[in-house]
Every structure is written in structure tokens, then in C-alpha cells.
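coords-v3.csv follows (CSV, C-alpha atoms):
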chain,number,residue,atom,x,y,z
A,1,MET,CA,94.6,251.9,-17.8
A,2,ALA,CA,95.2,248.7,-15.8
A,3,ALA,CA,96.9,250.8,-13.1
A,4,ARG,CA,93.9,253.2,-12.9
A,5,ARG,CA,91.5,250.3,-12.5
A,6,ALA,CA,93.6,248.7,-9.9
A,7,GLY,CA,93.8,252.0,-8.1
A,8,LEU,CA,90.1,252.4,-8.1
A,9,LEU,CA,89.7,248.8,-6.7
A,10,LEU,CA,92.1,249.6,-3.8
A,11,TRP,CA,90.3,252.9,-3.2
A,12,LEU,CA,87.0,251.1,-2.9
A,13,LEU,CA,88.4,248.3,-0.7
A,14,GLY,CA,90.2,250.7,1.5
A,15,ALA,CA,87.0,252.0,3.0
A,16,ALA,CA,85.3,248.7,3.4
A,17,ALA,CA,86.3,248.3,7.0
A,18,GLY,CA,84.5,251.5,8.0
A,19,ASN,CA,81.3,250.5,6.1
A,20,ALA,CA,80.8,247.0,7.5
A,21,ARG,CA,77.2,247.6,8.5
A,22,GLU,CA,75.4,248.3,5.2
A,23,PRO,CA,71.7,249.1,5.3
A,24,ALA,CA,69.3,246.5,4.0
A,25,PRO,CA,68.7,246.8,0.2
A,26,ARG,CA,65.6,248.8,-0.7
A,27,CYS,CA,63.9,246.0,-2.6
A,28,GLY,CA,60.1,245.6,-2.4
A,29,VAL,CA,59.6,248.3,0.2
A,30,GLN,CA,55.9,249.0,0.8
A,31,ASN,CA,54.3,252.2,2.1
A,32,PHE,CA,52.1,249.9,4.3
A,33,PRO,CA,51.6,246.1,4.3
A,34,HIS,CA,49.4,245.0,1.4
A,35,ASP,CA,49.0,242.3,-1.2
A,36,PRO,CA,51.9,242.7,-3.6
A,37,GLN,CA,49.6,241.6,-6.5
A,38,LYS,CA,47.5,244.7,-5.8
A,39,THR,CA,50.1,247.5,-5.8
A,40,THR,CA,51.6,250.3,-7.8
A,41,ARG,CA,55.2,249.2,-8.6
A,42,ILE,CA,57.6,252.0,-8.5
A,43,ALA,CA,61.3,252.0,-9.7
A,44,ILE,CA,63.5,254.9,-8.4
A,45,ALA,CA,66.5,255.2,-10.7
A,46,LEU,CA,69.4,257.1,-9.2
A,47,PHE,CA,72.3,258.1,-11.6
A,48,GLY,CA,75.3,260.2,-12.2
A,49,LEU,CA,78.2,261.3,-10.0
A,50,LEU,CA,77.9,261.5,-6.3
A,51,ARG,CA,79.4,264.9,-5.4
A,52,SER,CA,78.2,265.3,-1.8
A,53,ASN,CA,76.9,263.1,1.0
A,54,SER,CA,74.2,265.7,1.6
A,55,THR,CA,72.2,264.6,-1.4
A,56,MET,CA,71.6,261.2,0.1
A,57,ALA,CA,70.1,262.6,3.3
A,58,ASN,CA,67.9,264.9,1.1
A,59,PHE,CA,66.7,261.9,-1.0
A,60,GLU,CA,65.6,260.1,2.1
A,61,THR,CA,63.7,263.1,3.7
A,62,PHE,CA,62.3,264.8,0.6
A,63,MET,CA,61.5,262.0,-1.8
A,64,LEU,CA,61.5,258.6,-0.1
A,65,ALA,CA,59.8,259.6,3.2
A,66,PRO,CA,56.7,261.3,1.6
A,67,LEU,CA,56.3,258.3,-0.8
A,68,LEU,CA,56.3,255.8,2.1
A,69,ALA,CA,54.0,258.0,4.2
A,70,HIS,CA,51.4,258.2,1.4
A,71,ARG,CA,47.9,256.8,1.8
A,72,PRO,CA,45.7,255.2,0.6
A,73,GLU,CA,47.2,254.0,-2.7
A,74,PRO,CA,49.5,250.9,-2.1
A,75,TYR,CA,53.0,251.4,-3.3
A,76,THR,CA,55.9,248.9,-3.7
A,77,VAL,CA,59.3,250.5,-4.3
A,78,ASP,CA,62.7,249.3,-5.6
A,79,VAL,CA,65.7,251.6,-5.6
A,80,PHE,CA,68.3,251.3,-8.4
A,81,LEU,CA,71.7,253.0,-8.7
A,82,HIS,CA,74.3,253.6,-11.4
A,83,LEU,CA,77.3,255.6,-10.4
A,84,ASN,CA,80.2,257.0,-12.3
A,85,VAL,CA,83.1,256.7,-9.9
A,86,VAL,CA,86.2,259.0,-9.6
A,87,ALA,CA,88.2,260.2,-6.6
A,88,LYS,CA,88.4,263.9,-7.5
A,89,ILE,CA,86.9,266.2,-10.1
A,90,THR,CA,87.8,269.5,-11.7
A,91,ASN,CA,85.1,271.6,-13.3
A,92,ALA,CA,86.0,275.2,-14.1
A,93,ARG,CA,82.4,276.3,-14.9
A,94,THR,CA,81.3,275.3,-11.3
A,95,ASN,CA,84.6,276.3,-9.5
A,96,GLU,CA,85.4,272.7,-8.6
A,97,ARG,CA,89.2,272.2,-8.7
A,98,ALA,CA,90.7,268.8,-7.8
A,99,GLN,CA,87.7,268.6,-5.4
A,100,ALA,CA,87.6,265.3,-3.4
A,101,LEU,CA,84.3,263.4,-3.6
A,102,PRO,CA,82.5,261.4,-0.9
A,103,ALA,CA,84.2,258.3,0.6
A,104,PRO,CA,84.4,255.3,-1.8
A,105,LEU,CA,81.5,253.4,-0.2
A,106,ALA,CA,79.4,256.4,0.9
A,107,TRP,CA,76.8,255.4,-1.8
A,108,THR,CA,75.8,252.3,0.2
A,109,ARG,CA,73.6,254.6,2.3
A,110,LEU,CA,71.2,254.7,-0.7
A,111,ALA,CA,70.8,250.9,-0.2
A,112,PRO,CA,70.0,250.2,-3.8
A,113,CYS,CA,68.2,246.9,-4.8
A,114,ARG,CA,70.4,246.7,-7.8
A,115,TYR,CA,73.4,248.8,-8.6
A,116,ALA,CA,76.4,249.2,-10.9
A,117,LEU,CA,79.6,251.3,-10.5
A,118,GLU,CA,81.7,252.5,-13.4
A,119,ASP,CA,85.2,253.9,-13.5
A,120,GLN,CA,84.7,257.4,-15.0
A,121,ASN,CA,88.2,257.4,-16.6
A,122,VAL,CA,87.4,254.1,-18.4
A,123,LEU,CA,84.0,255.5,-19.3
A,124,ASP,CA,85.6,258.5,-21.0
A,125,VAL,CA,87.5,256.2,-23.3
A,126,LYS,CA,84.2,254.6,-24.3
A,127,LEU,CA,82.5,257.9,-24.8
A,128,GLY,CA,85.4,259.2,-26.9
A,129,ARG,CA,83.9,257.5,-30.0
A,130,LEU,CA,80.6,259.3,-29.4
A,131,ARG,CA,82.3,262.7,-29.0
A,132,HIS,CA,84.3,262.3,-32.2
A,133,SER,CA,81.3,261.1,-34.1
A,134,LEU,CA,79.7,264.5,-33.8
A,135,SER,CA,80.7,267.0,-36.4
A,136,ARG,CA,82.0,270.5,-35.5
A,137,GLU,CA,78.6,271.9,-36.3
A,138,ARG,CA,76.7,269.4,-34.1
A,139,LYS,CA,78.8,269.8,-31.0
A,140,ARG,CA,79.1,273.6,-30.8
A,141,ASP,CA,80.4,274.5,-27.4
A,142,LEU,CA,77.3,276.0,-25.7
A,143,TYR,CA,79.1,276.5,-22.4
A,144,LYS,CA,82.4,277.8,-23.9
A,145,ASP,CA,84.5,275.5,-21.7
A,146,HIS,CA,86.3,273.5,-24.4
A,147,GLY,CA,83.8,270.7,-24.3
A,148,ALA,CA,84.0,269.9,-20.6
A,149,SER,CA,80.3,270.4,-20.0
A,150,LEU,CA,79.5,268.4,-23.1
A,151,GLN,CA,81.6,265.6,-21.7
A,152,ASN,CA,79.7,265.7,-18.4
A,153,LEU,CA,76.4,265.5,-20.4
A,154,PHE,CA,77.6,262.4,-22.1
A,155,ARG,CA,78.6,260.8,-18.8
A,156,ALA,CA,75.2,261.6,-17.3
A,157,LEU,CA,73.3,260.3,-20.3
A,158,HIS,CA,75.3,257.0,-20.2
A,159,SER,CA,74.6,256.6,-16.5
A,160,LEU,CA,70.9,257.3,-17.1
A,161,LYS,CA,70.7,254.6,-19.8
A,162,GLU,CA,72.4,252.1,-17.5
A,163,THR,CA,69.7,252.5,-14.9
A,164,ALA,CA,67.2,251.4,-17.5
A,165,ARG,CA,69.2,248.2,-17.9
A,166,LEU,CA,69.2,247.6,-14.1
A,167,ILE,CA,65.4,248.0,-14.0
A,168,GLU,CA,64.8,245.7,-17.0
A,169,ALA,CA,67.1,243.1,-15.4
A,170,ARG,CA,65.0,243.0,-12.3
A,171,GLU,CA,61.8,242.8,-14.3
A,172,LEU,CA,63.2,239.8,-16.1
A,173,ALA,CA,64.5,238.1,-12.9
A,174,LEU,CA,61.2,238.4,-11.1
A,175,ASP,CA,58.8,238.3,-14.0
A,176,LEU,CA,57.2,241.7,-13.2
A,177,ARG,CA,56.7,245.1,-14.7
A,178,TYR,CA,56.9,248.5,-13.1
A,179,ASP,CA,54.0,250.9,-13.4
A,180,VAL,CA,56.0,254.1,-12.7
A,181,VAL,CA,59.7,255.0,-13.0
A,182,ALA,CA,61.3,258.0,-11.3
A,183,SER,CA,64.8,259.2,-12.3
A,184,VAL,CA,67.0,261.3,-10.0
A,185,ARG,CA,70.5,262.7,-10.5
A,186,VAL,CA,72.5,262.0,-7.4
A,187,ASP,CA,73.9,265.5,-7.4
A,188,THR,CA,70.5,267.0,-6.9
A,189,ILE,CA,68.6,268.1,-3.8
A,190,PHE,CA,64.9,268.8,-3.5
A,191,THR,CA,63.9,272.0,-1.7
A,192,ARG,CA,60.3,270.8,-1.2
A,193,SER,CA,59.0,267.3,-0.6
A,194,VAL,CA,57.9,265.4,-3.7
A,195,PRO,CA,54.2,264.8,-3.1
A,196,GLY,CA,53.5,261.1,-2.4
A,197,ASP,CA,50.3,261.1,-4.6
A,198,VAL,CA,52.2,262.0,-7.8
A,199,TYR,CA,53.0,258.3,-8.5
A,200,ALA,CA,49.3,257.4,-8.4
A,201,TYR,CA,48.6,260.3,-10.7
A,202,VAL,CA,51.2,259.1,-13.2
A,203,LYS,CA,49.9,255.6,-13.2
A,204,LYS,CA,46.3,256.7,-14.2
A,205,SER,CA,47.0,259.8,-16.3
A,206,PRO,CA,45.1,259.5,-19.6
A,207,VAL,CA,47.3,262.1,-21.4
A,208,ALA,CA,50.6,263.0,-19.7
A,209,LYS,CA,53.1,260.1,-19.6
A,210,LEU,CA,56.1,262.0,-18.4
A,211,PHE,CA,56.2,264.6,-15.5
A,212,VAL,CA,59.2,267.0,-15.1
A,213,PRO,CA,59.9,270.2,-13.2
A,214,HIS,CA,58.3,273.4,-14.5
A,215,PHE,CA,61.6,275.1,-14.8
A,216,GLY,CA,64.7,274.4,-17.0
A,217,CYS,CA,67.2,276.2,-19.1
A,218,SER,CA,64.8,278.0,-21.5
A,219,ILE,CA,67.4,279.2,-24.0
A,220,GLN,CA,66.6,282.3,-26.1
A,221,HIS,CA,62.9,282.1,-25.3
A,222,ASP,CA,62.6,278.4,-26.4
A,223,LEU,CA,60.7,276.2,-24.0
A,224,LEU,CA,62.8,273.3,-23.0
A,225,LEU,CA,62.5,270.5,-20.4
A,226,ASN,CA,64.4,270.2,-17.1
A,227,ASP,CA,66.5,267.0,-17.3
A,228,ARG,CA,67.5,266.4,-13.7
A,229,PHE,CA,64.3,264.7,-12.4
A,230,ALA,CA,61.4,263.0,-13.9
A,231,VAL,CA,58.5,260.6,-13.0
A,232,GLY,CA,56.8,258.8,-15.8
A,233,ALA,CA,54.9,255.8,-17.0
A,234,ARG,CA,57.1,252.7,-17.6
A,235,GLU,CA,57.2,252.9,-21.5
A,236,ALA,CA,57.9,256.6,-21.6
A,237,MET,CA,60.8,256.2,-19.2
A,238,LEU,CA,62.4,253.0,-20.3
A,239,HIS,CA,62.0,253.6,-24.1
A,240,VAL,CA,62.5,257.4,-24.4
A,241,TYR,CA,63.7,259.2,-21.3
A,242,LEU,CA,66.4,256.9,-19.9
A,243,PRO,CA,68.0,255.6,-23.1
A,244,ARG,CA,68.1,258.9,-25.0
A,245,ILE,CA,71.9,258.9,-25.3
A,246,ASP,CA,71.2,256.6,-28.3
A,247,THR,CA,69.9,259.6,-30.2
A,248,VAL,CA,72.4,262.2,-29.3
A,249,ALA,CA,74.7,261.5,-32.2
A,250,ASN,CA,71.8,262.6,-34.5
A,251,PHE,CA,71.8,266.1,-33.1
A,252,THR,CA,72.3,268.9,-35.6
A,253,SER,CA,72.0,272.7,-35.6
A,254,ALA,CA,68.6,272.2,-37.2
A,255,ASP,CA,67.4,270.6,-34.0
A,256,ASP,CA,67.7,273.9,-32.1
A,257,ARG,CA,67.1,276.1,-35.2
A,258,GLY,CA,70.7,277.2,-35.2
A,259,LYS,CA,70.5,279.0,-31.9
A,260,SER,CA,72.8,277.6,-29.2
A,261,GLY,CA,74.1,274.1,-29.5
A,262,LEU,CA,73.6,270.8,-27.7
A,263,SER,CA,72.4,270.9,-24.1
A,264,GLY,CA,70.8,268.4,-21.8
A,265,GLU,CA,67.5,270.3,-21.7
A,266,ARG,CA,67.3,270.8,-25.4
A,267,HIS,CA,68.2,267.1,-26.1
A,268,LEU,CA,65.5,265.9,-23.7
A,269,PHE,CA,62.9,268.1,-25.4
A,270,ASN,CA,64.0,266.9,-28.9
A,271,ALA,CA,63.8,263.3,-27.7
A,272,VAL,CA,60.3,263.7,-26.2
A,273,LYS,CA,59.0,265.6,-29.3
A,274,ALA,CA,60.5,263.0,-31.7
A,275,ARG,CA,58.6,260.2,-30.0
A,276,GLY,CA,55.5,262.2,-29.3
A,277,VAL,CA,55.5,261.7,-25.5
A,278,PRO,CA,52.9,264.0,-23.7
A,279,THR,CA,54.9,265.7,-21.0
A,280,ALA,CA,53.6,267.7,-18.0
A,281,ARG,CA,55.7,270.4,-16.3
A,282,MET,CA,55.1,270.3,-12.6
A,283,HIS,CA,55.2,273.2,-10.2
A,284,GLU,CA,55.4,270.8,-7.3
A,285,PHE,CA,58.9,269.6,-8.3
A,286,CYS,CA,61.4,272.0,-6.8
A,287,LEU,CA,65.1,271.1,-6.9
A,288,ARG,CA,68.6,272.5,-7.1
A,289,ARG,CA,72.0,271.2,-8.0
A,290,VAL,CA,74.7,270.5,-5.4
A,291,ARG,CA,78.4,270.7,-6.0
A,292,ALA,CA,81.3,269.0,-4.2
A,293,GLY,CA,81.6,270.2,-0.6
A,294,GLY,CA,77.9,271.0,-0.3
A,295,GLN,CA,77.8,274.2,-2.5
A,296,ILE,CA,74.2,274.6,-3.8
A,297,TRP,CA,74.0,276.0,-7.3
A,298,VAL,CA,72.1,279.2,-8.1
A,299,LYS,CA,68.4,279.0,-7.7
A,300,VAL,CA,66.6,279.5,-11.0
A,301,PHE,CA,63.0,279.5,-9.7
A,302,THR,CA,60.7,281.4,-7.4
A,303,PRO,CA,58.0,280.0,-5.0
A,304,ARG,CA,54.4,280.3,-6.1
A,305,ASP,CA,53.2,280.7,-2.5
A,306,ASP,CA,54.0,283.2,0.3
A,307,ARG,CA,56.7,281.0,2.0
A,308,THR,CA,60.3,280.0,1.5
A,309,CYS,CA,61.5,276.6,2.3
A,310,PRO,CA,64.9,276.6,4.1
A,311,LEU,CA,66.8,275.0,1.2
A,312,GLU,CA,65.5,277.7,-1.1
A,313,ALA,CA,67.5,280.3,0.9
A,314,LEU,CA,70.8,278.5,1.4
A,315,ASP,CA,73.9,278.7,-0.8
A,316,VAL,CA,75.8,275.9,1.1
A,317,CYS,CA,74.6,272.9,3.0
A,318,ASP,CA,77.1,270.3,4.0
A,319,ASP,CA,76.4,266.8,5.4
A,320,GLY,CA,75.5,267.9,8.9
A,321,CYS,CA,73.4,270.8,7.6
A,322,MET,CA,71.3,268.5,5.4
A,323,GLU,CA,70.8,265.9,8.2
A,324,ARG,CA,69.1,268.7,10.2
A,325,GLN,CA,66.8,269.9,7.4
A,326,PRO,CA,63.1,269.5,8.2
A,327,ALA,CA,60.7,268.4,5.5
A,328,CYS,CA,58.9,271.2,3.6
A,329,ALA,CA,55.6,270.5,1.9
A,330,ALA,CA,55.4,271.2,-1.8
A,331,GLY,CA,52.5,273.7,-1.3
A,332,ARG,CA,51.9,275.5,-4.6
A,333,GLY,CA,55.4,274.7,-5.7
A,334,CYS,CA,57.7,276.9,-7.8
A,335,HIS,CA,58.3,278.2,-11.3
A,336,GLN,CA,61.2,279.7,-13.3
A,337,ARG,CA,61.3,283.4,-13.8
A,338,GLY,CA,60.7,284.3,-17.4
A,339,VAL,CA,59.3,281.0,-18.4
A,340,HIS,CA,55.7,281.0,-19.8
A,341,ILE,CA,53.7,279.8,-16.7
A,342,ALA,CA,50.9,278.6,-18.9
A,343,ALA,CA,53.1,276.1,-20.8
A,344,ARG,CA,52.2,273.3,-18.5
A,345,LEU,CA,51.7,270.4,-20.9
A,346,PHE,CA,53.4,269.4,-24.1
A,347,ASP,CA,50.9,267.0,-25.8
A,348,GLY,CA,53.5,265.3,-28.0
A,349,GLU,CA,53.3,267.8,-30.8
A,350,GLY,CA,52.9,271.2,-29.3
A,351,TRP,CA,52.3,273.1,-26.1
A,352,CYS,CA,48.7,272.9,-24.9
A,353,ASP,CA,46.9,276.0,-23.5
A,354,PRO,CA,43.8,274.7,-21.7
A,355,HIS,CA,42.2,278.1,-21.8
A,356,ALA,CA,42.5,278.3,-25.6
A,357,SER,CA,42.2,274.6,-26.4
A,358,THR,CA,38.7,274.0,-24.9
A,359,GLY,CA,38.2,270.7,-26.6
A,360,HIS,CA,41.7,269.3,-26.0
A,361,ALA,CA,42.2,266.2,-23.9
A,362,CYS,CA,45.0,267.8,-21.9
A,363,ARG,CA,42.3,269.8,-20.1
A,364,PHE,CA,41.6,266.6,-18.1
A,365,ASP,CA,45.2,266.6,-16.8
A,366,TYR,CA,44.9,270.2,-15.8
A,367,GLU,CA,41.6,269.7,-13.9
A,368,LYS,CA,42.1,266.2,-12.5
A,369,LEU,CA,45.7,265.0,-12.5
A,370,GLY,CA,49.1,266.1,-11.4
A,371,PHE,CA,48.4,269.8,-11.0
A,372,GLY,CA,47.6,271.3,-7.7
A,373,LEU,CA,48.6,268.2,-5.7
A,374,SER,CA,47.7,268.3,-2.1

Show me, as C-alpha cells, the structure contained in the file I just sent.
Amino acid sequence: MAARRAGLLLWLLGAAAGNAREPAPRCGVQNFPHDPQKTTRIAIALFGLLRSNSTMANFETFMLAPLLAHRPEPYTVDVFLHLNVVAKITNARTNERAQALPAPLAWTRLAPCRYALEDQNVLDVKLGRLRHSLSRERKRDLYKDHGASLQNLFRALHSLKETARLIEARELALDLRYDVVASVRVDTIFTRSVPGDVYAYVKKSPVAKLFVPHFGCSIQHDLLLNDRFAVGAREAMLHVYLPRIDTVANFTSADDRGKSGLSGERHLFNAVKARGVPTARMHEFCLRRVRAGGQIWVKVFTPRDDRTCPLEALDVCDDGCMERQPACAAGRGCHQRGVHIAARLFDGEGWCDPHASTGHACRFDYEKLGFGLS
């Protein structure tokens, strides 16, 4: 184990000479100069395993740029990063075999305000106790890959929780509180720009406290929640969304009515439901997974308007390709084929249909907030 850790350190230091000019940390970045006492404070929490440099360029163009271009609401943004670090990965389900990952210090382009790196091999030792604490019934192998995907889920959930600790540490250091928290997996690309006004909507929403993409793995007709990107109010994110690995050991077959087994999407839905967090599913959030080498995972959604953004048509986009990608406005967004399009808001207990629930408070969200963003 000591040899592995020493090897990781040498691997990191070996690239230092080529990364001498690091970008300035993204701390207290404002969309325009304004009084920091009169602002919406936003924490962007990046987490997971960096599989391709292309995702960093995408983050800058499709998420950060529209946020900083937004007017008239004043925003102040801090970027946080927790990375699981390993030199190569093998994943049979995604056809990644001893695939080399980005250079050791490539992540510095993200310019986090606070960050933490964790040796994934050491992390696996820590997660071993969690894996073994789950009974055979609880950890049924949904993906039929001998637990490899389940292991990846635990790694991601651990990284997710660590971003919450980074955010809370900065709050304590500066005696401040964030209004809005966004969570992004670093092996994800957006195919359409994340609308800059969504953060202002999240801050003032009277009902929805968590906003996620409208698509996700809806298994055997169950409506679940996409777990790769979210924007939410501080309490919903720091107390429920980010630290949900703390509840994964409690998962049983009863949680999914004996249908399929543990998955990230199902676990997120269970966590949200258990804590009664009203959650809106957003057509305007359109994204895809990226694998090592720039392979873009299969698209599970269709546009809701009569246009196709370039990244919705590509199967591969390496670093150079992503640098050339133009921004593409959210428009009417996208939705997953076969998913009930009316299931837009989970009110904490059940799915709200604004056409049937005429007196329900969620109608306000449908009519005023977060849906049909410009």
C-alpha cells in the first residue's frame, strides 16, 4: 500500500514542470461587479473520476460561461473539487480496458477554490467495509458485472460527500452560507447550456428545493431521478443530496419493491423521498456521460424542439473537438423516451400533476419557476 501511495505521489510530481502556470482559483468570482453582501452565493461542487480532458472545456463553455453572463441577478461563485485519482481504469461494461486517464495535474484547469485528491486504490480499501456490510439480498448485481458498477457507485457517492465537506469548510472559514449548490460529475458533458437564470429560480422557489434532469434510468416503469447533475437549495444539497452515501447501507429489496437492485438513480430517489425533499425534473438540463478517450455514452433523451445541438449527434469528441464546440442554448430542452413527460415535480411524497392537482402548491413552480426558462 505504501508503494502505491508513493507511486501516486511521483506520478503527480512528474507532471508538475509542465503545469507551472496554474489558473487563478475560482473563488468569489462574480458575474459582474457588485456588493458581495447583496449577492446569490453559489457553490459548484465537481466530483468523481476525471476520464477525459474534454469535460473541463465543456464545463467552462456550457455551465460556467452562461452563469457568468447572466443578468440582472448578482451571482458570486466558488468552485470545489474532489477527485478520485488513478492512472488507468478498466470497466468491461463501458469497454474501457487499462485505459490511461488525463495527465496527473490536468484537473488544475478547473481552478477549484478548495479541492481534495484521493488515491482510488486506498479508497477501495475504505469502501470494502461498506460493500461487505450489505447482505447478498441488498447488493443484488443490477448490472451483472460482478459488482464492478456497484463499486463505481460507492466511489462516486464517497466523492460526492467529500464535496459537501469542502463547501462547509469554506463556510466556516469565511463565516458565510451559500444560497445555491450545484453538483456535477466530472465525467459528464452538457449538450446544451445550463441556463444562467436557474440559480435565481432555485434561490426563491417556494416548493422545489432540488432540480435535476428530466431523464434518468427509469427501471421497469418506475420513475427515478438522474444522479449526475443537480442544482438545489443549500439545505437540500448539503443535508440530503451530497451525503447520501450515509444511507446506502440501509438499502433493501423493499426499497425498490423487489425489482432490480441498487442503482444510483434509485438510491437518489429513495433518499429524496425519505427526507421529503420536493424535486423538480428539468427539461433544460441536457447531458451525457463521457468515457476515457472522449467516447460519449449513448444518448438516452430526445430534444423537445426542432433542432439538434452538435453534442447530441456525436459519439466521440476528444479534447480538440470539445474546445471547438460552440455554445448551444437550452431552448425547450430534452426528455427521455418512455418517461412520463408530465412527471415534472416530486412534492416530497408523490408525483404532482398540475393539471389534476388544481389546488396543489406545485402549480406555482410550473407556472412561475424553473420550467420554460428563457

For Pro112 (chain A), find every residue with an atom within 10 Å (counting all atoms listed in the file), except residues of its own chain fewer than 3 positions away, and show them as an NGL selection string.
:A and (23-27 or 44-46 or 78-82 or 107-109 or 115-116)

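Neighbours of Asp187 (chain A) closer than or equal to 6 Å, with all atoms listed in the file counted and sequence neighbours fewer than 4 positions away skipped, come out as A:Leu50, A:Arg51, A:Val290.
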
Counting only C-alpha atoms, the residue of A:Leu83, A:Val184, A:Thr191, A:His214 that sits nearest Ser159 (chain A)
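Among A:Leu83, A:Val184, A:Thr191, A:His214, it is A:Leu83 that comes nearest to Ser159 (chain A).
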
Could you tell me which of A:Glu73, A:Asp347, A:Glu22, A:Asp306 comes closest to Ala111 (chain A) if we count all atoms listed in the file?
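Using all atoms listed in the file, the shortest distance to Ala111 (chain A) belongs to A:Glu22.
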
So what do you get for CA of Ala249 (chain A) versus CA of Gly350 (chain A), distance-wise?
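Distance between the two atoms: 24.0 Å.
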
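For the atom pair formed by CA of Gly264 (chain A) and CA of Ala156 (chain A), the distance is 9.3 Å, given to one decimal.
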
Smallest atom-to-atom distance to His34 (chain A): which of A:Gly333, A:Gln99, A:Arg71, A:Ala169, using only C-alpha atoms?
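Among the listed residues, A:Arg71 lies closest to His34 (chain A).
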
Record the distance separating CA of Phe154 (chain A) and CA of Ala43 (chain A), expressed in Å with one decimal.
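Interatomic distance here is 23.0 Å.
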
Counting only C-alpha atoms, which of A:Val212, A:Ala292, A:Ile42, A:Ala87 gets nearest to Ala103 (chain A)?
A:Ala87

Residues near Ile245 (chain A), cut-off 12 Å, all atoms listed in the file, skip fewer than 6 positions along chain, as a list in words:
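Using all atoms listed in the file, the neighbours found are Leu127, Leu130, Arg131, Leu153, Phe154, Arg155, Ala156, Leu157, His158, Ser159, Leu160, Lys161, Glu162, Ala164, His239, Phe251, Gly264, His267, Leu268, Asn270 and Ala271 of chain A.
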